[in-house]
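The structure under discussion appears below in the form of structure tokens.
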Amino acid sequence: MNRIEQLEAALTIDAAQADHIHVSPARRLTGPGIIWAHPGAIMDIEAADTEILAGLWGKHARRVLDAVGWHAQHVTHRRFQGGISLALSAPLDQLYSAVYVAQAAWQYCAAELLAAEPLAAEPLAFDMLIGDLQAVMAQEANPALMALMDAAAAQDVDILCDDDAVSIGHGAGSKTWPAGALPGPQDVDWPALHDIPLALITGTNGKTTTTRLCAAIARVAGKTVGLTSTDAVQVADEILERGDFSGPGGARMVLRDPRVEIAVLEVARGGILRRGLATRRARVAVVTNVARDHLGEYGVMTLPELAQAKFAVARALGPGGVLVLNADDPHVVEAAASVDKTICWFSLDRGAPMIRQARALGQPCAFVSQGEMVFLDGSGDGFSIALRDVPITHSGMAEHNTQNALAALCACMALEISHHAIRTGLCGFVSDTKGNPGRLNEFAYNGARVFVDFAHNTHSVAAVCRSLAAIPSKRRFLMLSQPGDHSDEDIGEVTRTAIRFQPDRIVIAEIADYLRGRVLGETPDLLTRSAISAGIRPEHIGQACAPSVGAEHILDQLEPGDLALLLVLSDRENVFALLANP
């Protein structure tokens with residue numbers, strides 16, 4: 001058993017439950033997140049009376065923190081619809097201990113709350129539990145790490161930690177050591193270490209495309225770019241790992257690569273809520289939009305709460321950092337009202353209220369005007385790019401990609417990339433299987449036009465359907481699939497939205513690797529019923545056991561003049577292979 005396994009097995013502190021209370025397991029927070037910027041531990045409680053819980057947490061968590069000697073650490077909470085998140089801060093070298101401290105504090109909260117319950121459990125003896133906690137803390141404590149953290153702060157350079165390694169600086173200015181073999185501060189070559197320009201990109205939709213756009217622009221500027229996304233980790237043209245690396249693990253992988261001169265990191269909701277962000281030194285953070293997706297997890301039940309999660313990226317901005325925001329999204333605009341950061345707004349409409357406000361205050365912004373994307377830096381200087389010259393926008397018809405291009409434009413200006421590189425990068429970026437796989441990729445097949453897109457929630461499906469609405473066609477084919485963790489309501493709404501594509505034929509595909517709690521056939525049957533209730537005749541709906549099988553069924557029927565939209569969440573490479581051999 002290694003050291004981490006020993007720490008995880010060191011104590012057993014059961015989370016007290018009751019019929020009217022549901023307690024999620026406590027988890028470590030390693031960086032800025034939805035609740036604050038401190039490392040520590042957090043647990044989510046589903047309960048009706050959150051006011052009482054907040055008071056109990058403040059009392060008992062403070063008592064436990066003081067008893068173990070963490071007098072300088074903090075206690076907080078965040079109410080959400082139907083419950084409350086309870087958090088405490090901790091030294092970065094003792095986050096496993098922080099989980100135990102949180103569990104212990106909850107024991108005493110629950111004991112007081114449930115004292116009148118007939119089967120209420122007795123809380124653990126306080127002095128004995130504190131002794132056990134202090135033993136675990138002593139085992140986990142890492143004075144060498146804390147000394148390096150203090151020295152890095154004094155040198156004004158970032159430090160990244162995980163169970164296996166510690167690094168100081170970013171990319172080409174970084175040095176990494178095994179977690180068990182750290183140098184003393186006096187043995188570090190501090191002049192060689194520095195941070196690099198870094199962008200964090202989040203949002204419900206568009207974040208992968210925006211990340212890739214920024215990376216393409218930075219490459220034109222001559223930089224070696226590190227990129228993370230829900231598809232891969234990449235440095236320059238090399239794919240380091242394939243898969244979803246939109247969390248802190250992928251970020252550390254890029255920021256520790258000594259080749260990287262500039263980093264563009266996609267940041268997804270799950271990583272923010274589970275662990276927090278990997279860094280506090282971003283130069284720019286982008287929120288593309290906030291739309292209904294993955295609600296009901298980690299205390300995020302509503303769209304405003306989801307906006308709070310996305311806006312955690314603002315906590316990761318370094319001094320002078322810029323927050324790039326979508327002025328067309330009401331949830332983004334509302335959440336921005338409580339953020340004290342330099343904001344650069346972007347919009348499809350030069351008359352949008354936040355664009356007018358930015359121009360009046362001399363703040364940076366970008367917008368569409370008379371067929372051009374216009375950027376103003378707030379001092380009167382700016383430049384423009386014709387939409388017809390930016391392929392991903394389809395001359396402005398693909399409004400969601402126009403917004404992504406505006407976001408990338410603003411982000412790259414904040415990264416101090418030249419106008420020439422931005423213009424060249426945007427004008428040279430093609431949304432094909434190489435540059436932007438799975439995002440409105442177009443193919444010619446037997447005289448028909450076929451589009452493949454990753455869209456899987458109502459917001460993204462609506463955007464894709466709007467983009468294709470004006471394309472003339474003889475017949476229209478649609479392939480639809482959904483992950484099993486979407487609710488019945490969400491699946492029905494996605495189906496109704498996709499039918500705006502006005503398909504003559506629909507193929508519904510099972511995605512066996514996205515069952516997520518459902519059984520085989522359950523999601524396709526739900527999609528089929530939703531399509532029929534929306535007016536599609538049953539004989540015009542088919543089912544397939546996989547996206548590639550569904551795609552093949554549609555491709556076999558295509559004739560010149562037809563239009564097909566394949567919404568492909570999984571099995572994408574096999575679908576691409578079919579389209580490559582018409």
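Ordering of the structure tokens sets the chain letters (A, B, ...); residue numbers start at 1 within each chain; ligands are numbered from 1 in the order shown.
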I'd like the contact shell of A:Asp389 - 12 Å cut-off, only C-alpha atoms, skipping same-chain residues fewer than 3 positions apart - returned as a ChimeraX atom specification. /A:371-373,384-386,392-396,402,405,423-430
Create the file for the chosen residues now, containing N, CA and C atoms and written as an mmCIF file, in the first residue's frame.
data_model
loop_
_atom_site.group_PDB
_atom_site.id
_atom_site.type_symbol
_atom_site.label_atom_id
_atom_site.label_comp_id
_atom_site.auth_asym_id
_atom_site.auth_seq_id
_atom_site.Cartn_x
_atom_site.Cartn_y
_atom_site.Cartn_z
ATOM 1 N N GLY A 371 -21.248 42.874 -41.517
ATOM 2 C CA GLY A 371 -20.525 41.755 -42.102
ATOM 3 C C GLY A 371 -19.089 41.624 -41.651
ATOM 4 N N GLU A 372 -18.710 42.307 -40.578
ATOM 5 C CA GLU A 372 -17.333 42.225 -40.085
ATOM 6 C C GLU A 372 -17.317 41.971 -38.578
ATOM 7 N N MET A 373 -16.270 41.281 -38.141
ATOM 8 C CA MET A 373 -15.976 41.196 -36.711
ATOM 9 C C MET A 373 -15.069 42.368 -36.371
ATOM 10 N N SER A 384 -10.636 45.029 -37.765
ATOM 11 C CA SER A 384 -11.800 44.256 -38.157
ATOM 12 C C SER A 384 -11.405 43.162 -39.130
ATOM 13 N N ILE A 385 -12.244 42.140 -39.195
ATOM 14 C CA ILE A 385 -12.054 41.015 -40.101
ATOM 15 C C ILE A 385 -13.406 40.695 -40.729
ATOM 16 N N ALA A 386 -13.458 40.583 -42.040
ATOM 17 C CA ALA A 386 -14.705 40.263 -42.722
ATOM 18 C C ALA A 386 -15.132 38.836 -42.392
ATOM 19 N N ILE A 392 -14.985 29.357 -40.544
ATOM 20 C CA ILE A 392 -15.794 28.688 -39.524
ATOM 21 C C ILE A 392 -17.146 29.366 -39.309
ATOM 22 N N THR A 393 -17.270 30.641 -39.686
ATOM 23 C CA THR A 393 -18.527 31.371 -39.480
ATOM 24 C C THR A 393 -19.529 31.149 -40.597
ATOM 25 N N HIS A 394 -19.102 30.547 -41.719
ATOM 26 C CA HIS A 394 -19.973 30.395 -42.891
ATOM 27 C C HIS A 394 -20.609 31.736 -43.248
ATOM 28 N N SER A 395 -19.735 32.750 -43.331
ATOM 29 C CA SER A 395 -20.143 34.131 -43.657
ATOM 30 C C SER A 395 -21.149 34.682 -42.658
ATOM 31 N N GLY A 396 -21.090 34.192 -41.421
ATOM 32 C CA GLY A 396 -21.974 34.681 -40.370
ATOM 33 C C GLY A 396 -23.215 33.847 -40.168
ATOM 34 N N THR A 402 -19.548 32.034 -35.072
ATOM 35 C CA THR A 402 -19.175 33.458 -35.085
ATOM 36 C C THR A 402 -18.883 33.923 -33.661
ATOM 37 N N ALA A 405 -15.530 32.556 -32.679
ATOM 38 C CA ALA A 405 -14.448 33.327 -33.297
ATOM 39 C C ALA A 405 -14.249 34.657 -32.579
ATOM 40 N N ARG A 423 -5.611 37.609 -37.364
ATOM 41 C CA ARG A 423 -6.309 37.613 -38.654
ATOM 42 C C ARG A 423 -5.967 36.341 -39.449
ATOM 43 N N THR A 424 -4.679 36.038 -39.531
ATOM 44 C CA THR A 424 -4.246 34.881 -40.311
ATOM 45 C C THR A 424 -4.783 33.583 -39.707
ATOM 46 N N GLY A 425 -4.751 33.489 -38.379
ATOM 47 C CA GLY A 425 -5.240 32.285 -37.726
ATOM 48 C C GLY A 425 -6.723 32.069 -37.927
ATOM 49 N N LEU A 426 -7.511 33.113 -37.765
ATOM 50 C CA LEU A 426 -8.961 32.987 -37.951
ATOM 51 C C LEU A 426 -9.316 32.692 -39.401
ATOM 52 N N CYS A 427 -8.628 33.347 -40.320
ATOM 53 C CA CYS A 427 -8.948 33.157 -41.737
ATOM 54 C C CYS A 427 -8.462 31.811 -42.257
ATOM 55 N N GLY A 428 -7.494 31.205 -41.584
ATOM 56 C CA GLY A 428 -6.970 29.926 -42.039
ATOM 57 C C GLY A 428 -7.549 28.724 -41.324
ATOM 58 N N PHE A 429 -8.398 28.943 -40.321
ATOM 59 C CA PHE A 429 -8.934 27.835 -39.526
ATOM 60 C C PHE A 429 -10.156 27.242 -40.228
ATOM 61 N N VAL A 430 -10.074 25.966 -40.536
ATOM 62 C CA VAL A 430 -11.169 25.268 -41.212
ATOM 63 C C VAL A 430 -11.718 24.210 -40.259
#
Mind listing the alpha helix (DSSP H) residues of stretch 366-435 of chain A, per DSSP on the backbone, as a ChimeraX atom specification? /A:399-414,419-428
Find the spatial neighbours of stretch 451-460 of chain A, counting only C-alpha atoms, within a cut-off of 6 Å - ignore same-chain residues fewer than 3 positions away - and output them as a PDB file with all heavy atoms, in the first residue's frame.
ATOM      1  N   GLY A 438     -15.488  16.867 -35.379  1.00  0.00           N
ATOM      2  CA  GLY A 438     -16.761  16.728 -34.691  1.00  0.00           C
ATOM      3  C   GLY A 438     -17.527  18.013 -34.502  1.00  0.00           C
ATOM      4  O   GLY A 438     -18.571  18.017 -33.861  1.00  0.00           O
ATOM      5  N   ARG A 439     -17.031  19.096 -35.081  1.00  0.00           N
ATOM      6  CA  ARG A 439     -17.703  20.382 -34.920  1.00  0.00           C
ATOM      7  C   ARG A 439     -18.069  20.943 -36.295  1.00  0.00           C
ATOM      8  O   ARG A 439     -17.264  21.534 -36.994  1.00  0.00           O
ATOM      9  CB  ARG A 439     -16.816  21.388 -34.169  1.00  0.00           C
ATOM     10  CG  ARG A 439     -16.935  21.300 -32.652  1.00  0.00           C
ATOM     11  CD  ARG A 439     -16.300  20.054 -32.088  1.00  0.00           C
ATOM     12  NE  ARG A 439     -16.423  19.974 -30.630  1.00  0.00           N
ATOM     13  CZ  ARG A 439     -15.970  18.957 -29.919  1.00  0.00           C
ATOM     14  NH1 ARG A 439     -15.379  17.935 -30.500  1.00  0.00           N
ATOM     15  NH2 ARG A 439     -16.120  18.947 -28.605  1.00  0.00           N
ATOM     16  N   LEU A 440     -19.301  20.679 -36.714  1.00  0.00           N
ATOM     17  CA  LEU A 440     -19.851  21.140 -37.992  1.00  0.00           C
ATOM     18  C   LEU A 440     -18.914  20.800 -39.153  1.00  0.00           C
ATOM     19  O   LEU A 440     -18.605  21.626 -39.999  1.00  0.00           O
ATOM     20  CB  LEU A 440     -20.149  22.642 -37.953  1.00  0.00           C
ATOM     21  CG  LEU A 440     -21.309  23.119 -38.854  1.00  0.00           C
ATOM     22  CD1 LEU A 440     -22.609  22.450 -38.423  1.00  0.00           C
ATOM     23  CD2 LEU A 440     -21.474  24.626 -38.791  1.00  0.00           C
ATOM     24  N   ASN A 441     -18.454  19.543 -39.187  1.00  0.00           N
ATOM     25  CA  ASN A 441     -17.613  19.064 -40.280  1.00  0.00           C
ATOM     26  C   ASN A 441     -18.496  18.713 -41.471  1.00  0.00           C
ATOM     27  O   ASN A 441     -19.478  17.984 -41.327  1.00  0.00           O
ATOM     28  CB  ASN A 441     -16.826  17.826 -39.856  1.00  0.00           C
ATOM     29  CG  ASN A 441     -15.954  18.056 -38.633  1.00  0.00           C
ATOM     30  OD1 ASN A 441     -15.726  17.149 -37.852  1.00  0.00           O
ATOM     31  ND2 ASN A 441     -15.456  19.263 -38.430  1.00  0.00           N
ATOM     32  N   GLU A 442     -18.120  19.207 -42.653  1.00  0.00           N
ATOM     33  CA  GLU A 442     -18.920  18.981 -43.858  1.00  0.00           C
ATOM     34  C   GLU A 442     -18.231  17.982 -44.783  1.00  0.00           C
ATOM     35  O   GLU A 442     -17.018  18.026 -44.976  1.00  0.00           O
ATOM     36  CB  GLU A 442     -19.158  20.284 -44.607  1.00  0.00           C
ATOM     37  CG  GLU A 442     -20.030  20.093 -45.848  1.00  0.00           C
ATOM     38  CD  GLU A 442     -20.354  21.371 -46.583  1.00  0.00           C
ATOM     39  OE1 GLU A 442     -19.895  22.448 -46.138  1.00  0.00           O
ATOM     40  OE2 GLU A 442     -21.057  21.297 -47.609  1.00  0.00           O
ATOM     41  N   ALA A 463     -28.315  25.508 -32.156  1.00  0.00           N
ATOM     42  CA  ALA A 463     -27.345  26.318 -32.900  1.00  0.00           C
ATOM     43  C   ALA A 463     -26.975  25.666 -34.221  1.00  0.00           C
ATOM     44  O   ALA A 463     -26.895  26.337 -35.265  1.00  0.00           O
ATOM     45  CB  ALA A 463     -26.095  26.533 -32.046  1.00  0.00           C
ATOM     46  N   VAL A 494     -34.358  17.966 -26.358  1.00  0.00           N
ATOM     47  CA  VAL A 494     -33.367  17.855 -27.432  1.00  0.00           C
ATOM     48  C   VAL A 494     -34.017  17.310 -28.698  1.00  0.00           C
ATOM     49  O   VAL A 494     -33.760  17.799 -29.814  1.00  0.00           O
ATOM     50  CB  VAL A 494     -32.196  16.956 -26.992  1.00  0.00           C
ATOM     51  CG1 VAL A 494     -31.340  16.555 -28.193  1.00  0.00           C
ATOM     52  CG2 VAL A 494     -31.328  17.674 -25.977  1.00  0.00           C
ATOM     53  N   LEU A 565     -27.673  15.522 -41.411  1.00  0.00           N
ATOM     54  CA  LEU A 565     -27.033  15.989 -40.187  1.00  0.00           C
ATOM     55  C   LEU A 565     -26.864  14.794 -39.261  1.00  0.00           C
ATOM     56  O   LEU A 565     -27.844  14.169 -38.846  1.00  0.00           O
ATOM     57  CB  LEU A 565     -27.878  17.071 -39.505  1.00  0.00           C
ATOM     58  CG  LEU A 565     -27.434  17.496 -38.103  1.00  0.00           C
ATOM     59  CD1 LEU A 565     -26.007  18.040 -38.115  1.00  0.00           C
ATOM     60  CD2 LEU A 565     -28.403  18.547 -37.527  1.00  0.00           C
ATOM     61  N   LEU A 566     -25.610  14.471 -38.963  1.00  0.00           N
ATOM     62  CA  LEU A 566     -25.296  13.349 -38.079  1.00  0.00           C
ATOM     63  C   LEU A 566     -24.789  13.904 -36.762  1.00  0.00           C
ATOM     64  O   LEU A 566     -23.699  14.466 -36.698  1.00  0.00           O
ATOM     65  CB  LEU A 566     -24.230  12.452 -38.718  1.00  0.00           C
ATOM     66  CG  LEU A 566     -24.477  11.995 -40.165  1.00  0.00           C
ATOM     67  CD1 LEU A 566     -23.327  11.119 -40.640  1.00  0.00           C
ATOM     68  CD2 LEU A 566     -25.808  11.258 -40.292  1.00  0.00           C
ATOM     69  N   LEU A 567     -25.580  13.771 -35.723  1.00  0.00           N
ATOM     70  CA  LEU A 567     -25.193  14.237 -34.389  1.00  0.00           C
ATOM     71  C   LEU A 567     -24.472  13.073 -33.706  1.00  0.00           C
ATOM     72  O   LEU A 567     -25.107  12.118 -33.246  1.00  0.00           O
ATOM     73  CB  LEU A 567     -26.420  14.694 -33.606  1.00  0.00           C
ATOM     74  CG  LEU A 567     -27.151  15.897 -34.225  1.00  0.00           C
ATOM     75  CD1 LEU A 567     -28.412  16.227 -33.442  1.00  0.00           C
ATOM     76  CD2 LEU A 567     -26.236  17.112 -34.299  1.00  0.00           C
ATOM     77  N   VAL A 568     -23.147  13.173 -33.669  1.00  0.00           N
ATOM     78  CA  VAL A 568     -22.301  12.044 -33.295  1.00  0.00           C
ATOM     79  C   VAL A 568     -21.573  12.371 -32.001  1.00  0.00           C
ATOM     80  O   VAL A 568     -20.622  13.141 -31.975  1.00  0.00           O
ATOM     81  CB  VAL A 568     -21.287  11.733 -34.409  1.00  0.00           C
ATOM     82  CG1 VAL A 568     -20.417  10.545 -34.007  1.00  0.00           C
ATOM     83  CG2 VAL A 568     -22.013  11.440 -35.719  1.00  0.00           C
ATOM     84  N   LEU A 569     -22.038  11.777 -30.909  1.00  0.00           N
ATOM     85  CA  LEU A 569     -21.391  11.962 -29.605  1.00  0.00           C
ATOM     86  C   LEU A 569     -20.293  10.936 -29.380  1.00  0.00           C
ATOM     87  O   LEU A 569     -19.309  11.198 -28.690  1.00  0.00           O
ATOM     88  CB  LEU A 569     -22.452  11.867 -28.501  1.00  0.00           C
ATOM     89  CG  LEU A 569     -21.992  12.033 -27.059  1.00  0.00           C
ATOM     90  CD1 LEU A 569     -21.393  13.417 -26.844  1.00  0.00           C
ATOM     91  CD2 LEU A 569     -23.151  11.814 -26.098  1.00  0.00           C
TER      92      LEU A 569
END
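With only C-alpha atoms as the atoms that count, the minimum distance from A:Ala314 to the choices A:Asp163, A:Phe126, A:Glu522, A:Ile34 is reached by A:Ile34.
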So that I can see what lies close to stretch 209-219 of chain A, please list as a compact mmCIF listing (two decimals) with all heavy atoms, in the first residue's frame the residues with an atom at most 6 Å from it, counting only C-alpha atoms and leaving out residues fewer than 3 positions away in the same chain.
# COMPACT_ATOMS: atom_id res chain seq x y z
N GLY A 206 -19.21 25.32 -27.21
CA GLY A 206 -18.26 26.14 -27.95
C GLY A 206 -16.87 26.21 -27.37
O GLY A 206 -15.96 26.78 -27.99
N GLY A 222 3.93 31.87 -34.08
CA GLY A 222 5.23 31.23 -33.91
C GLY A 222 5.46 30.58 -32.57
O GLY A 222 6.60 30.25 -32.24
N LYS A 223 4.39 30.36 -31.80
CA LYS A 223 4.54 29.80 -30.46
C LYS A 223 4.32 28.28 -30.47
O LYS A 223 3.53 27.75 -31.24
CB LYS A 223 3.53 30.44 -29.50
CG LYS A 223 3.65 31.95 -29.39
CD LYS A 223 4.97 32.36 -28.78
CE LYS A 223 5.05 33.86 -28.57
NZ LYS A 223 6.36 34.27 -27.99
N ASN A 404 -17.87 31.95 -31.25
CA ASN A 404 -16.60 31.33 -30.87
C ASN A 404 -15.41 32.09 -31.43
O ASN A 404 -14.38 32.26 -30.76
CB ASN A 404 -16.57 29.88 -31.37
CG ASN A 404 -17.61 29.00 -30.70
OD1 ASN A 404 -18.05 29.28 -29.59
ND2 ASN A 404 -18.02 27.94 -31.38
N ALA A 408 -12.42 33.93 -29.34
CA ALA A 408 -11.00 33.67 -29.59
C ALA A 408 -10.26 34.96 -29.92
O ALA A 408 -9.12 35.16 -29.47
CB ALA A 408 -10.85 32.67 -30.73
N ALA A 421 -1.32 37.84 -36.68
CA ALA A 421 -1.47 36.43 -36.34
C ALA A 421 -2.94 36.08 -36.08
O ALA A 421 -3.41 35.00 -36.48
CB ALA A 421 -0.63 36.08 -35.12
N ILE A 422 -3.66 36.99 -35.44
CA ILE A 422 -5.08 36.74 -35.17
C ILE A 422 -5.85 36.65 -36.48
O ILE A 422 -6.64 35.73 -36.71
CB ILE A 422 -5.66 37.84 -34.26
CG1 ILE A 422 -5.04 37.76 -32.86
CG2 ILE A 422 -7.18 37.71 -34.18
CD1 ILE A 422 -5.42 38.90 -31.95
N GLY A 425 -4.75 33.49 -38.38
CA GLY A 425 -5.24 32.28 -37.73
C GLY A 425 -6.72 32.07 -37.93
O GLY A 425 -7.17 30.96 -38.24
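Shortest atom-to-atom contact with A:Cys410 among A:Arg500, A:Arg63, A:Met354, A:Ala285: A:Ala285, counting only C-alpha atoms.
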Could you give me, as CSV, a per-residue list for stretch 164-215 of chain A showing, wherever an atom lies at most 12 Å from an atom of stretch 243-258 of chain A, the closest pair of atoms and their distance in Å to one decimal, using only C-alpha atoms and sorting by chain then residue number from low to high?
residue,atom,partner,partner_atom,distance
A:Asp164,CA,A:Gly249,CA,11.2
A:Ala165,CA,A:Arg252,CA,9.8
A:Val166,CA,A:Arg256,CA,9.4
A:Ser167,CA,A:Arg256,CA,6.8
A:Ile168,CA,A:Arg256,CA,8.5
A:Gly169,CA,A:Leu255,CA,8.0
A:His170,CA,A:Leu255,CA,4.9
A:Gly171,CA,A:Pro258,CA,4.6
A:Ala172,CA,A:Pro258,CA,4.2
A:Gly173,CA,A:Pro258,CA,7.0
A:Ser174,CA,A:Arg256,CA,6.3
A:Lys175,CA,A:Arg256,CA,7.3
A:Thr176,CA,A:Arg256,CA,6.8
A:Trp177,CA,A:Arg256,CA,10.3
A:Ala192,CA,A:Pro258,CA,11.7
A:Leu193,CA,A:Pro258,CA,10.8
A:His194,CA,A:Leu255,CA,11.2
A:Asp195,CA,A:Leu255,CA,9.0
A:Ile196,CA,A:Leu255,CA,8.7
A:Pro197,CA,A:Leu255,CA,10.6
A:Leu198,CA,A:Leu255,CA,9.2
A:Ala199,CA,A:Ala251,CA,10.8
A:Leu200,CA,A:Ala251,CA,9.6
A:Ile201,CA,A:Ser246,CA,9.6
A:Thr202,CA,A:Ser246,CA,9.4
A:Gly203,CA,A:Ser246,CA,11.8
A:Lys207,CA,A:Ser246,CA,10.1
A:Thr208,CA,A:Ser246,CA,9.4
A:Thr211,CA,A:Ser246,CA,10.9
Considering only C-alpha atoms, return as a PDB file with N, CA and C atoms, in the first residue's frame whatever protein or nucleic-acid residues lie within 9 Å of A:Arg449, sequence-local ones (same chain, fewer than 5 positions apart) excluded.
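Saved result, out_14.pdb, follows:
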ATOM      1  N   GLU A 442     -18.120  19.207 -42.653  1.00  0.00           N
ATOM      2  CA  GLU A 442     -18.920  18.981 -43.858  1.00  0.00           C
ATOM      3  C   GLU A 442     -18.231  17.982 -44.783  1.00  0.00           C
ATOM      4  N   PHE A 443     -19.051  17.099 -45.383  1.00  0.00           N
ATOM      5  CA  PHE A 443     -18.569  16.103 -46.328  1.00  0.00           C
ATOM      6  C   PHE A 443     -19.494  16.099 -47.547  1.00  0.00           C
ATOM      7  N   ALA A 444     -18.919  15.762 -48.696  1.00  0.00           N
ATOM      8  CA  ALA A 444     -19.706  15.477 -49.894  1.00  0.00           C
ATOM      9  C   ALA A 444     -19.814  13.970 -50.023  1.00  0.00           C
ATOM     10  N   SER A 473     -32.357  21.719 -49.972  1.00  0.00           N
ATOM     11  CA  SER A 473     -32.181  20.274 -50.017  1.00  0.00           C
ATOM     12  C   SER A 473     -33.408  19.622 -50.618  1.00  0.00           C
ATOM     13  N   PRO A 560     -28.140  12.727 -54.818  1.00  0.00           N
ATOM     14  CA  PRO A 560     -27.748  14.121 -55.084  1.00  0.00           C
ATOM     15  C   PRO A 560     -28.841  15.096 -54.655  1.00  0.00           C
ATOM     16  N   GLY A 561     -28.426  16.162 -53.957  1.00  0.00           N
ATOM     17  CA  GLY A 561     -29.364  17.184 -53.492  1.00  0.00           C
ATOM     18  C   GLY A 561     -29.869  16.973 -52.089  1.00  0.00           C
ATOM     19  N   ASP A 562     -29.562  15.819 -51.491  1.00  0.00           N
ATOM     20  CA  ASP A 562     -29.994  15.556 -50.115  1.00  0.00           C
ATOM     21  C   ASP A 562     -29.067  16.272 -49.122  1.00  0.00           C
ATOM     22  N   LEU A 563     -29.557  16.406 -47.888  1.00  0.00           N
ATOM     23  CA  LEU A 563     -28.798  17.003 -46.793  1.00  0.00           C
ATOM     24  C   LEU A 563     -28.942  16.102 -45.571  1.00  0.00           C
ATOM     25  N   ALA A 564     -27.810  15.784 -44.941  1.00  0.00           N
ATOM     26  CA  ALA A 564     -27.845  14.934 -43.750  1.00  0.00           C
ATOM     27  C   ALA A 564     -27.103  15.607 -42.610  1.00  0.00           C
ATOM     28  N   LEU A 565     -27.673  15.522 -41.411  1.00  0.00           N
ATOM     29  CA  LEU A 565     -27.033  15.989 -40.187  1.00  0.00           C
ATOM     30  C   LEU A 565     -26.864  14.794 -39.261  1.00  0.00           C
TER      31      LEU A 565
END
Please identify every residue of stretch 382-497 of chain A that has at least one atom no farther than 12 Å from an atom of stretch 327-340 of chain A, counting only C-alpha atoms, and for each give the shortest atom pair and the distance in Å to one decimal, arranged by chain then increasing number, as a tab-separated table.
residue	atom	partner	partner_atom	distance
A:Glu399	CA	A:Asp328	CA	11.3
A:His400	CA	A:Asp328	CA	10.9
A:Gln403	CA	A:Asp328	CA	9.2
A:Leu406	CA	A:Ala327	CA	11.1
A:Ala407	CA	A:Ala327	CA	10.6
A:His459	CA	A:Asp329	CA	11.5
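For the pair atom CA of A:Ala469 and atom CA of A:Thr497, the interatomic distance is 12.6 Å.
For the atom pair formed by atom CA of A:Val507 and atom CA of A:Val575, the distance is 14.0 Å, given to one decimal.
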What's the 10 Å shell around A:Gly131, counting only C-alpha atoms, without same-chain residues fewer than 5 positions away, as a ChimeraX atom specification? /A:67-68,126,136-137
For A:Leu65, work out the shell of residues within 9 Å, counting only C-alpha atoms and skipping chain neighbours fewer than 4 positions away, then give it as a PDB file with C-alpha atoms, in the first residue's frame.
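Written output follows (part-v1.pdb):
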ATOM      1  CA  HIS A  60     -18.749  22.605  14.569  1.00  0.00           C
ATOM      2  CA  ALA A  61     -16.305  23.006  11.654  1.00  0.00           C
ATOM      3  CA  GLY A  69      -4.506  23.418  15.264  1.00  0.00           C
ATOM      4  CA  TRP A  70      -5.749  24.867  11.975  1.00  0.00           C
ATOM      5  CA  HIS A  71      -6.639  28.234  13.499  1.00  0.00           C
ATOM      6  CA  ALA A  72      -5.823  30.174  10.311  1.00  0.00           C
ATOM      7  CA  GLN A  73      -8.131  28.081   8.116  1.00  0.00           C
ATOM      8  CA  HIS A  74     -11.602  29.180   7.069  1.00  0.00           C
ATOM      9  CA  VAL A  75     -15.150  27.845   7.009  1.00  0.00           C
ATOM     10  CA  LEU A  88     -13.398  24.362   4.896  1.00  0.00           C
ATOM     11  CA  VAL A 101     -11.753  17.014   9.175  1.00  0.00           C
ATOM     12  CA  ALA A 105     -17.271  18.274  11.618  1.00  0.00           C
TER      13      ALA A 105
END
Those of stretch 100-299 of chain A in DSSP strand (DSSP E), formatted as a VMD selection string: chain A and resid 159 to 161 165 to 168 175 to 178 198 to 202 225 to 228 232 to 235 238 to 242 262 to 266 282 to 287
